[in-house]
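Q: Next up, entry.pdb (PDB, C-alpha atoms).
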```pdb
ATOM      1  CA  MET A   1      12.178  -1.471  13.998  1.00  0.00           C
ATOM      2  CA  TRP A   2       8.841  -0.054  12.901  1.00  0.00           C
ATOM      3  CA  LYS A   3       5.833  -1.977  14.215  1.00  0.00           C
ATOM      4  CA  GLU A   4       2.371  -1.277  12.850  1.00  0.00           C
ATOM      5  CA  ASN A   5      -0.823  -1.676  14.858  1.00  0.00           C
ATOM      6  CA  LEU A   6      -4.388  -2.221  13.694  1.00  0.00           C
ATOM      7  CA  TYR A   7      -7.160  -0.229  15.364  1.00  0.00           C
ATOM      8  CA  GLN A   8     -10.104  -2.103  13.843  1.00  0.00           C
ATOM      9  CA  PRO A   9     -10.894  -5.826  13.548  1.00  0.00           C
ATOM     10  CA  VAL A  10     -10.303  -6.007   9.767  1.00  0.00           C
ATOM     11  CA  GLU A  11      -8.691  -3.760   7.176  1.00  0.00           C
ATOM     12  CA  ILE A  12      -8.601  -4.296   3.399  1.00  0.00           C
ATOM     13  CA  LEU A  13      -6.117  -2.412   1.209  1.00  0.00           C
ATOM     14  CA  LEU A  14      -5.474  -2.342  -2.540  1.00  0.00           C
ATOM     15  CA  ARG A  15      -1.918  -1.308  -3.357  1.00  0.00           C
ATOM     16  CA  GLU A  16       0.446  -1.379  -6.338  1.00  0.00           C
ATOM     17  CA  HIS A  17       4.174  -0.636  -6.476  1.00  0.00           C
ATOM     18  CA  ASP A  18       7.262  -0.843  -8.632  1.00  0.00           C
ATOM     19  CA  THR A  19       9.404  -0.652  -5.491  1.00  0.00           C
ATOM     20  CA  PHE A  20       7.929  -1.606  -2.149  1.00  0.00           C
ATOM     21  CA  PRO A  21       7.889   1.587  -0.033  1.00  0.00           C
ATOM     22  CA  ILE A  22       8.621  -0.050   3.341  1.00  0.00           C
ATOM     23  CA  GLY A  23      11.702  -1.987   4.406  1.00  0.00           C
ATOM     24  CA  GLU A  24      11.823  -4.484   7.257  1.00  0.00           C
ATOM     25  CA  HIS A  25       8.850  -4.080   9.572  1.00  0.00           C
ATOM     26  CA  GLN A  26       6.378  -6.056  11.657  1.00  0.00           C
ATOM     27  CA  HIS A  27       2.706  -5.961  12.637  1.00  0.00           C
ATOM     28  CA  SER A  28       0.706  -6.713  15.760  1.00  0.00           C
ATOM     29  CA  PHE A  29      -1.868  -8.485  13.547  1.00  0.00           C
ATOM     30  CA  PHE A  30      -2.237 -11.111  10.820  1.00  0.00           C
ATOM     31  CA  GLU A  31      -1.705 -10.011   7.234  1.00  0.00           C
ATOM     32  CA  MET A  32      -2.624 -11.858   4.052  1.00  0.00           C
ATOM     33  CA  ALA A  33      -1.257 -10.518   0.782  1.00  0.00           C
ATOM     34  CA  TYR A  34      -2.958 -11.787  -2.369  1.00  0.00           C
ATOM     35  CA  ILE A  35      -0.880 -11.097  -5.465  1.00  0.00           C
ATOM     36  CA  LEU A  36      -3.135  -9.670  -8.168  1.00  0.00           C
ATOM     37  CA  GLU A  37      -0.255  -9.030 -10.559  1.00  0.00           C
ATOM     38  CA  GLY A  38       3.544  -9.134 -10.619  1.00  0.00           C
ATOM     39  CA  THR A  39       6.467 -11.135  -9.272  1.00  0.00           C
ATOM     40  CA  GLY A  40       8.840 -10.796  -6.360  1.00  0.00           C
ATOM     41  CA  SER A  41       9.558 -12.299  -2.979  1.00  0.00           C
ATOM     42  CA  PHE A  42       9.001 -11.717   0.675  1.00  0.00           C
ATOM     43  CA  VAL A  43      11.546 -12.415   3.377  1.00  0.00           C
ATOM     44  CA  VAL A  44      10.500 -13.317   6.911  1.00  0.00           C
ATOM     45  CA  ASN A  45      12.548 -13.694  10.086  1.00  0.00           C
ATOM     46  CA  SER A  46      11.770 -17.029  11.732  1.00  0.00           C
ATOM     47  CA  VAL A  47      11.693 -17.464  15.512  1.00  0.00           C
ATOM     48  CA  ASN A  48      15.035 -19.305  15.514  1.00  0.00           C
ATOM     49  CA  GLY A  49      16.791 -16.254  14.097  1.00  0.00           C
ATOM     50  CA  GLY A  50      17.017 -17.401  10.482  1.00  0.00           C
ATOM     51  CA  LYS A  51      15.372 -15.938   7.393  1.00  0.00           C
ATOM     52  CA  GLU A  52      12.864 -17.582   5.086  1.00  0.00           C
ATOM     53  CA  HIS A  53      12.621 -16.490   1.446  1.00  0.00           C
ATOM     54  CA  HIS A  54       9.383 -17.037  -0.495  1.00  0.00           C
ATOM     55  CA  ASN A  55       8.958 -16.127  -4.159  1.00  0.00           C
ATOM     56  CA  TYR A  56       5.553 -14.921  -5.279  1.00  0.00           C
ATOM     57  CA  CYS A  57       3.646 -14.496  -8.528  1.00  0.00           C
ATOM     58  CA  ALA A  58       0.071 -13.667  -9.527  1.00  0.00           C
ATOM     59  CA  ALA A  59      -2.639 -15.640  -7.654  1.00  0.00           C
ATOM     60  CA  ASP A  60      -0.375 -16.455  -4.677  1.00  0.00           C
ATOM     61  CA  LEU A  61      -1.604 -15.815  -1.151  1.00  0.00           C
ATOM     62  CA  CYS A  62       1.090 -14.933   1.376  1.00  0.00           C
ATOM     63  CA  LEU A  63       0.435 -15.147   5.113  1.00  0.00           C
ATOM     64  CA  ILE A  64       2.412 -13.194   7.712  1.00  0.00           C
ATOM     65  CA  PRO A  65       1.435 -13.870  11.362  1.00  0.00           C
ATOM     66  CA  PRO A  66       1.775 -11.188  14.064  1.00  0.00           C
ATOM     67  CA  ASN A  67       5.195 -10.022  15.299  1.00  0.00           C
ATOM     68  CA  ARG A  68       7.173 -11.485  12.367  1.00  0.00           C
ATOM     69  CA  VAL A  69       9.786  -9.129  10.909  1.00  0.00           C
ATOM     70  CA  HIS A  70       9.418  -9.204   7.129  1.00  0.00           C
ATOM     71  CA  LEU A  71       9.853  -7.276   3.891  1.00  0.00           C
ATOM     72  CA  PHE A  72       8.687  -7.462   0.281  1.00  0.00           C
ATOM     73  CA  ARG A  73      11.058  -7.330  -2.690  1.00  0.00           C
ATOM     74  CA  ILE A  74       9.519  -6.561  -6.072  1.00  0.00           C
ATOM     75  CA  CYS A  75      10.875  -7.985  -9.336  1.00  0.00           C
ATOM     76  CA  SER A  76       8.102  -6.692 -11.602  1.00  0.00           C
ATOM     77  CA  HIS A  77       5.291  -4.188 -11.061  1.00  0.00           C
ATOM     78  CA  SER A  78       3.069  -5.733  -8.403  1.00  0.00           C
ATOM     79  CA  ARG A  79      -0.554  -5.229  -7.378  1.00  0.00           C
ATOM     80  CA  TYR A  80      -1.612  -6.517  -3.975  1.00  0.00           C
ATOM     81  CA  LEU A  81      -4.789  -7.049  -2.039  1.00  0.00           C
ATOM     82  CA  PHE A  82      -3.882  -6.882   1.656  1.00  0.00           C
ATOM     83  CA  ILE A  83      -6.303  -8.399   4.159  1.00  0.00           C
ATOM     84  CA  ARG A  84      -5.343  -7.551   7.739  1.00  0.00           C
ATOM     85  CA  PHE A  85      -7.094  -8.828  10.832  1.00  0.00           C
ATOM     86  CA  THR A  86      -6.462  -9.120  14.560  1.00  0.00           C
ATOM     87  CA  GLU A  87      -5.890 -12.360  16.454  1.00  0.00           C
ATOM     88  CA  ASN A  88      -9.110 -11.781  18.408  1.00  0.00           C
ATOM     89  CA  TYR A  89     -11.067 -11.431  15.174  1.00  0.00           C
ATOM     90  CA  VAL A  90     -10.230 -15.001  14.153  1.00  0.00           C
ATOM     91  CA  THR A  91     -11.110 -16.390  17.587  1.00  0.00           C
ATOM     92  CA  ASP A  92     -14.332 -14.392  17.913  1.00  0.00           C
ATOM     93  CA  TYR A  93     -15.735 -14.773  14.399  1.00  0.00           C
ATOM     94  CA  ILE A  94     -14.408 -18.164  13.301  1.00  0.00           C
ATOM     95  CA  ASN A  95     -12.866 -20.346  16.052  1.00  0.00           C
ATOM     96  CA  ARG A  96      -9.750 -20.946  18.132  1.00  0.00           C
ATOM     97  CA  TYR A  97      -8.584 -23.795  15.905  1.00  0.00           C
ATOM     98  CA  ALA A  98      -8.354 -21.348  12.984  1.00  0.00           C
ATOM     99  CA  GLU A  99      -6.234 -18.959  15.040  1.00  0.00           C
ATOM    100  CA  GLY A 100      -3.880 -21.789  15.994  1.00  0.00           C
ATOM    101  CA  ALA A 101      -3.554 -22.972  12.397  1.00  0.00           C
ATOM    102  CA  LEU A 102      -2.752 -19.464  11.158  1.00  0.00           C
ATOM    103  CA  ASP A 103      -0.177 -18.761  13.870  1.00  0.00           C
ATOM    104  CA  ILE A 104       2.618 -20.561  12.009  1.00  0.00           C
ATOM    105  CA  GLN A 105       6.301 -20.174  12.781  1.00  0.00           C
ATOM    106  CA  ALA A 106       7.091 -17.574  10.121  1.00  0.00           C
ATOM    107  CA  GLY A 107       5.599 -16.308   6.872  1.00  0.00           C
ATOM    108  CA  TYR A 108       4.085 -18.680   4.373  1.00  0.00           C
ATOM    109  CA  CYS A 109       2.977 -18.793   0.743  1.00  0.00           C
ATOM    110  CA  ILE A 110      -0.095 -21.016   0.899  1.00  0.00           C
ATOM    111  CA  ARG A 111      -0.522 -23.679  -1.775  1.00  0.00           C
ATOM    112  CA  PHE A 112      -4.203 -24.314  -2.423  1.00  0.00           C
ATOM    113  CA  GLN A 113      -5.913 -27.383  -3.787  1.00  0.00           C
ATOM    114  CA  GLN A 114      -7.214 -26.714  -7.291  1.00  0.00           C
ATOM    115  CA  SER A 115     -10.884 -26.433  -6.324  1.00  0.00           C
ATOM    116  CA  ASP A 116     -10.066 -24.174  -3.372  1.00  0.00           C
ATOM    117  CA  ALA A 117      -7.751 -22.033  -5.533  1.00  0.00           C
ATOM    118  CA  GLU A 118     -10.649 -21.406  -7.913  1.00  0.00           C
ATOM    119  CA  MET A 119     -12.924 -20.508  -5.013  1.00  0.00           C
ATOM    120  CA  LEU A 120     -10.248 -18.184  -3.588  1.00  0.00           C
ATOM    121  CA  HIS A 121      -9.867 -16.452  -6.968  1.00  0.00           C
ATOM    122  CA  SER A 122     -13.632 -15.807  -7.085  1.00  0.00           C
ATOM    123  CA  LEU A 123     -13.697 -14.470  -3.519  1.00  0.00           C
ATOM    124  CA  ILE A 124     -10.768 -12.140  -4.204  1.00  0.00           C
ATOM    125  CA  GLY A 125     -12.587 -10.798  -7.261  1.00  0.00           C
ATOM    126  CA  LEU A 126     -15.662 -10.103  -5.139  1.00  0.00           C
ATOM    127  CA  ILE A 127     -13.579  -8.347  -2.477  1.00  0.00           C
ATOM    128  CA  VAL A 128     -11.797  -6.162  -5.042  1.00  0.00           C
ATOM    129  CA  ARG A 129     -15.139  -5.176  -6.589  1.00  0.00           C
ATOM    130  CA  GLU A 130     -16.736  -4.270  -3.260  1.00  0.00           C
ATOM    131  CA  VAL A 131     -13.681  -2.282  -2.123  1.00  0.00           C
ATOM    132  CA  SER A 132     -13.517  -0.421  -5.440  1.00  0.00           C
ATOM    133  CA  GLU A 133     -17.268   0.276  -5.647  1.00  0.00           C
ATOM    134  CA  LYS A 134     -18.662   0.626  -2.143  1.00  0.00           C
ATOM    135  CA  LYS A 135     -22.428   0.160  -2.029  1.00  0.00           C
ATOM    136  CA  MET A 136     -25.104  -0.420   0.566  1.00  0.00           C
ATOM    137  CA  MET A 137     -24.236  -3.474   2.705  1.00  0.00           C
ATOM    138  CA  SER A 138     -20.715  -3.629   1.252  1.00  0.00           C
ATOM    139  CA  ASP A 139     -19.151  -3.899   4.703  1.00  0.00           C
ATOM    140  CA  TYR A 140     -21.344  -6.881   5.587  1.00  0.00           C
ATOM    141  CA  LEU A 141     -20.499  -8.641   2.325  1.00  0.00           C
ATOM    142  CA  LEU A 142     -16.792  -7.914   2.778  1.00  0.00           C
ATOM    143  CA  ASN A 143     -16.826  -9.518   6.234  1.00  0.00           C
ATOM    144  CA  CYS A 144     -18.429 -12.645   4.757  1.00  0.00           C
ATOM    145  CA  TYR A 145     -15.883 -12.801   1.936  1.00  0.00           C
ATOM    146  CA  VAL A 146     -12.927 -12.220   4.268  1.00  0.00           C
ATOM    147  CA  ASN A 147     -14.110 -14.926   6.665  1.00  0.00           C
ATOM    148  CA  SER A 148     -14.385 -17.332   3.731  1.00  0.00           C
ATOM    149  CA  VAL A 149     -10.826 -16.509   2.611  1.00  0.00           C
ATOM    150  CA  ILE A 150      -9.537 -17.148   6.153  1.00  0.00           C
ATOM    151  CA  VAL A 151     -11.346 -20.496   6.351  1.00  0.00           C
ATOM    152  CA  LEU A 152      -9.940 -21.567   2.972  1.00  0.00           C
ATOM    153  CA  ALA A 153      -6.442 -20.609   4.145  1.00  0.00           C
ATOM    154  CA  VAL A 154      -6.870 -22.662   7.316  1.00  0.00           C
ATOM    155  CA  ARG A 155      -8.149 -25.674   5.371  1.00  0.00           C
ATOM    156  CA  ASN A 156      -5.160 -25.613   3.042  1.00  0.00           C
ATOM    157  CA  LEU A 157      -2.614 -25.012   5.795  1.00  0.00           C
ATOM    158  CA  SER A 158      -3.799 -28.140   7.569  1.00  0.00           C
ATOM    159  CA  THR A 159      -5.845 -31.046   6.219  1.00  0.00           C
ATOM    160  CA  SER A 160      -6.160 -32.652   9.645  1.00  0.00           C
ATOM    161  CA  ALA A 161      -8.471 -30.197  11.381  1.00  0.00           C
ATOM    162  CA  PRO A 162     -10.540 -31.969  14.053  1.00  0.00           C
ATOM    163  CA  GLU A 163     -14.275 -31.770  13.515  1.00  0.00           C
ATOM    164  CA  HIS A 164     -14.944 -31.979  17.239  1.00  0.00           C
ATOM    165  CA  ASP A 165     -12.454 -31.651  20.073  1.00  0.00           C
ATOM    166  CA  ASN A 166     -12.536 -31.038  23.779  1.00  0.00           C
ATOM    167  CA  ALA A 167     -12.288 -27.317  24.524  1.00  0.00           C
ATOM    168  CA  ASP A 168      -9.810 -27.686  27.394  1.00  0.00           C
ATOM    169  CA  SER A 169      -7.626 -30.145  25.457  1.00  0.00           C
ATOM    170  CA  SER A 170      -7.712 -27.874  22.425  1.00  0.00           C
ATOM    171  CA  LYS A 171      -6.668 -24.856  24.483  1.00  0.00           C
ATOM    172  CA  ALA A 172      -3.783 -26.806  26.011  1.00  0.00           C
ATOM    173  CA  GLN A 173      -2.593 -27.873  22.554  1.00  0.00           C
ATOM    174  CA  TYR A 174      -2.617 -24.316  21.253  1.00  0.00           C
ATOM    175  CA  MET A 175      -0.854 -23.034  24.364  1.00  0.00           C
ATOM    176  CA  LEU A 176       1.825 -25.684  23.899  1.00  0.00           C
ATOM    177  CA  LYS A 177       2.232 -24.723  20.253  1.00  0.00           C
ATOM    178  CA  TYR A 178       2.367 -21.019  21.112  1.00  0.00           C
ATOM    179  CA  ILE A 179       5.064 -21.506  23.773  1.00  0.00           C
ATOM    180  CA  ARG A 180       7.189 -23.654  21.487  1.00  0.00           C
ATOM    181  CA  GLN A 181       6.904 -21.150  18.646  1.00  0.00           C
ATOM    182  CA  HIS A 182       7.857 -18.195  20.847  1.00  0.00           C
ATOM    183  CA  ILE A 183      10.461 -19.937  23.009  1.00  0.00           C
ATOM    184  CA  HIS A 184      13.072 -17.385  21.897  1.00  0.00           C
ATOM    185  CA  GLN A 185      10.757 -14.410  22.427  1.00  0.00           C
ATOM    186  CA  PRO A 186      10.439 -14.204  26.237  1.00  0.00           C
ATOM    187  CA  GLU A 187       8.495 -10.954  26.052  1.00  0.00           C
ATOM    188  CA  LEU A 188       5.626 -12.936  24.476  1.00  0.00           C
ATOM    189  CA  LEU A 189       5.710 -15.628  27.187  1.00  0.00           C
ATOM    190  CA  LYS A 190       5.009 -13.449  30.205  1.00  0.00           C
ATOM    191  CA  LEU A 191       2.186 -14.819  32.338  1.00  0.00           C
ATOM    192  CA  ASN A 192      -0.126 -11.857  31.739  1.00  0.00           C
ATOM    193  CA  ILE A 193       0.408 -12.023  27.948  1.00  0.00           C
ATOM    194  CA  VAL A 194      -0.296 -15.766  27.747  1.00  0.00           C
ATOM    195  CA  ALA A 195      -3.284 -15.471  30.097  1.00  0.00           C
ATOM    196  CA  GLU A 196      -4.829 -12.687  28.016  1.00  0.00           C
ATOM    197  CA  LYS A 197      -4.242 -14.501  24.711  1.00  0.00           C
ATOM    198  CA  PHE A 198      -5.881 -17.733  25.929  1.00  0.00           C
ATOM    199  CA  HIS A 199      -8.524 -16.117  28.159  1.00  0.00           C
ATOM    200  CA  LEU A 200      -7.299 -17.812  31.357  1.00  0.00           C
ATOM    201  CA  SER A 201      -8.852 -16.980  34.703  1.00  0.00           C
ATOM    202  CA  PRO A 202      -6.424 -16.215  37.583  1.00  0.00           C
ATOM    203  CA  LEU A 203      -7.129 -19.674  39.064  1.00  0.00           C
ATOM    204  CA  MET A 204      -6.381 -21.476  35.795  1.00  0.00           C
ATOM    205  CA  GLN A 205      -3.205 -19.567  34.923  1.00  0.00           C
ATOM    206  CA  ALA A 206      -0.775 -21.489  37.125  1.00  0.00           C
ATOM    207  CA  VAL A 207      -2.521 -24.841  36.578  1.00  0.00           C
ATOM    208  CA  SER A 208      -2.515 -24.537  32.791  1.00  0.00           C
ATOM    209  CA  LEU A 209       1.010 -23.180  32.492  1.00  0.00           C
ATOM    210  CA  ASN A 210       2.440 -25.809  34.852  1.00  0.00           C
ATOM    211  CA  GLY A 211       0.820 -28.528  32.773  1.00  0.00           C
ATOM    212  CA  ILE A 212       2.153 -27.059  29.540  1.00  0.00           C
ATOM    213  CA  LEU A 213       5.687 -26.720  30.936  1.00  0.00           C
ATOM    214  CA  GLU A 214       5.549 -30.333  32.151  1.00  0.00           C
ATOM    215  CA  ARG A 215       4.577 -31.526  28.669  1.00  0.00           C
ATOM    216  CA  ILE A 216       7.438 -29.545  27.111  1.00  0.00           C
ATOM    217  CA  SER A 217       9.859 -31.028  29.663  1.00  0.00           C
ATOM    218  CA  ASN A 218       8.645 -34.578  28.963  1.00  0.00           C
ATOM    219  CA  SER A 219       8.881 -34.013  25.211  1.00  0.00           C
ATOM    220  CA  THR A 220      12.440 -32.692  25.546  1.00  0.00           C
ATOM    221  CA  SER A 221      13.465 -35.662  27.743  1.00  0.00           C
ATOM    222  CA  LYS A 222      12.104 -38.172  25.217  1.00  0.00           C
ATOM    223  CA  LYS A 223      14.004 -36.508  22.377  1.00  0.00           C
ATOM    224  CA  ALA A 224      17.214 -36.522  24.431  1.00  0.00           C
ATOM    225  CA  GLY A 225      16.773 -40.206  25.189  1.00  0.00           C
TER     226      GLY A 225
END
```
Step by step, read the file and then write its structure as structure tokens.

A:
Amino acid sequence: MWKENLYQPVEILLREHDTFPIGEHQHSFFEMAYILEGTGSFVVNSVNGGKEHHNYCAADLCLIPPNRVHLFRICSHSRYLFIRFTENYVTDYINRYAEGALDIQAGYCIRFQQSDAEMLHSLIGLIVREVSEKKMMSDYLLNCYVNSVIVLAVRNLSTSAPEHDNADSSKAQYMLKYIRQHIHQPELLKLNIVAEKFHLSPLMQAVSLNGILERISNSTSKKAG
């Protein structure tokens, strides 16, 4: 299985195809695909071993989190704007809540509220223009536009984002979500991988993970009862 890596925080690509040139593959990063033109579908392997099928058409925004096997199938000539970014980029330039909201179980075709869909359309137009006609300060503007697209995606994936939450509690919640999502991917649950992802010190690793495992155990016991 071919796995693609990203060697910069953000990458923006304009592509168009009659037949998608790559079969099943995965990335080590987030990918958003905005459909500028065309129809088709993308198929994503979920963590429980099943497959999710999502149809797309113009103005759709598809989200594929890291390490999800997926492929695109084209029905009619399609033009895409791909926005790719690392997990650390979201944490460093936006916040950890955004990373947690984007790290969904499989791929997703995001449905935007009308006002946000109009804003997204405008931002995509600005990105396409800057990519097509690079000028002075284009890179700075592109970073601003991309960050705005990510924030809009997060807002429309979840309408219950906390305005203020305790940092330690928030980290525990995202660790719990991460472990549940990757329960069938043990290579992603190794102590060093989890510690690096959530920036845990050696002292906090065992404490945090023990607490998370206890919460999972309690949750499982309640469901069984």

Q: From the list A:Gln185, A:Ser122, A:Gln26, A:Thr39, which residue is nearest Val149 of chain A when using all atoms listed in the file?

A: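 Result for the nearest residue to Val149 of chain A: A:Ser122.
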
Q: So which residues get picked by the PyMOL selection byres ((chain A and resi 67) around 6) here, written as a PyMOL selection string?

A: chain A and resi 26-28+66+68

Q: Quote the spacing between atom CA of Val151 of chain A and atom CA of Ser41 of chain A in Å to one decimal place.

A: 24.3 Å

Q: One decimal, Å: what's the distance from atom CA of Ala33 of chain A over to atom CA of Thr91 of chain A, could you say?

A: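 So the answer is 20.3 Å.
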
Q: Residues within 10 Å of segment 3-15 of chain A, please, as a PDB file with C-alpha atoms, keeping the file's coordinate frame. Count all atoms listed in the file; anything in the same chain fewer than 5 positions from it doesn't count.

A:
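Below is the file selection29.pdb, written as the result:
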```
ATOM      1  CA  PHE A  20       7.929  -1.606  -2.149  1.00  0.00           C
ATOM      2  CA  GLU A  24      11.823  -4.484   7.257  1.00  0.00           C
ATOM      3  CA  HIS A  25       8.850  -4.080   9.572  1.00  0.00           C
ATOM      4  CA  GLN A  26       6.378  -6.056  11.657  1.00  0.00           C
ATOM      5  CA  HIS A  27       2.706  -5.961  12.637  1.00  0.00           C
ATOM      6  CA  SER A  28       0.706  -6.713  15.760  1.00  0.00           C
ATOM      7  CA  PHE A  29      -1.868  -8.485  13.547  1.00  0.00           C
ATOM      8  CA  PHE A  30      -2.237 -11.111  10.820  1.00  0.00           C
ATOM      9  CA  GLU A  31      -1.705 -10.011   7.234  1.00  0.00           C
ATOM     10  CA  MET A  32      -2.624 -11.858   4.052  1.00  0.00           C
ATOM     11  CA  ALA A  33      -1.257 -10.518   0.782  1.00  0.00           C
ATOM     12  CA  TYR A  34      -2.958 -11.787  -2.369  1.00  0.00           C
ATOM     13  CA  LEU A  36      -3.135  -9.670  -8.168  1.00  0.00           C
ATOM     14  CA  PRO A  66       1.775 -11.188  14.064  1.00  0.00           C
ATOM     15  CA  ASN A  67       5.195 -10.022  15.299  1.00  0.00           C
ATOM     16  CA  ARG A  68       7.173 -11.485  12.367  1.00  0.00           C
ATOM     17  CA  VAL A  69       9.786  -9.129  10.909  1.00  0.00           C
ATOM     18  CA  SER A  78       3.069  -5.733  -8.403  1.00  0.00           C
ATOM     19  CA  ARG A  79      -0.554  -5.229  -7.378  1.00  0.00           C
ATOM     20  CA  TYR A  80      -1.612  -6.517  -3.975  1.00  0.00           C
ATOM     21  CA  LEU A  81      -4.789  -7.049  -2.039  1.00  0.00           C
ATOM     22  CA  PHE A  82      -3.882  -6.882   1.656  1.00  0.00           C
ATOM     23  CA  ILE A  83      -6.303  -8.399   4.159  1.00  0.00           C
ATOM     24  CA  ARG A  84      -5.343  -7.551   7.739  1.00  0.00           C
ATOM     25  CA  PHE A  85      -7.094  -8.828  10.832  1.00  0.00           C
ATOM     26  CA  THR A  86      -6.462  -9.120  14.560  1.00  0.00           C
ATOM     27  CA  GLU A  87      -5.890 -12.360  16.454  1.00  0.00           C
ATOM     28  CA  ASN A  88      -9.110 -11.781  18.408  1.00  0.00           C
ATOM     29  CA  TYR A  89     -11.067 -11.431  15.174  1.00  0.00           C
ATOM     30  CA  VAL A  90     -10.230 -15.001  14.153  1.00  0.00           C
ATOM     31  CA  ILE A 127     -13.579  -8.347  -2.477  1.00  0.00           C
ATOM     32  CA  VAL A 128     -11.797  -6.162  -5.042  1.00  0.00           C
ATOM     33  CA  VAL A 131     -13.681  -2.282  -2.123  1.00  0.00           C
ATOM     34  CA  SER A 132     -13.517  -0.421  -5.440  1.00  0.00           C
ATOM     35  CA  LEU A 142     -16.792  -7.914   2.778  1.00  0.00           C
ATOM     36  CA  ASN A 143     -16.826  -9.518   6.234  1.00  0.00           C
ATOM     37  CA  VAL A 146     -12.927 -12.220   4.268  1.00  0.00           C
TER      38      VAL A 146
END
```

Q: What's the separation between atom CA of Leu188 of chain A and atom CA of Lys51 of chain A, in Å to one decimal place?

A: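 A separation of 19.9 Å between them.
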
Q: Quick one: residues within 10 Å of Glu130 of chain A, all atoms listed in the file, excluding same-chain residues fewer than 5 positions away - as a list in words?

A: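 Surrounding residues, per the criterion: Ile124, Gly125, Lys135, Met136, Met137, Ser138, Asp139, Leu141 and Leu142 of chain A.
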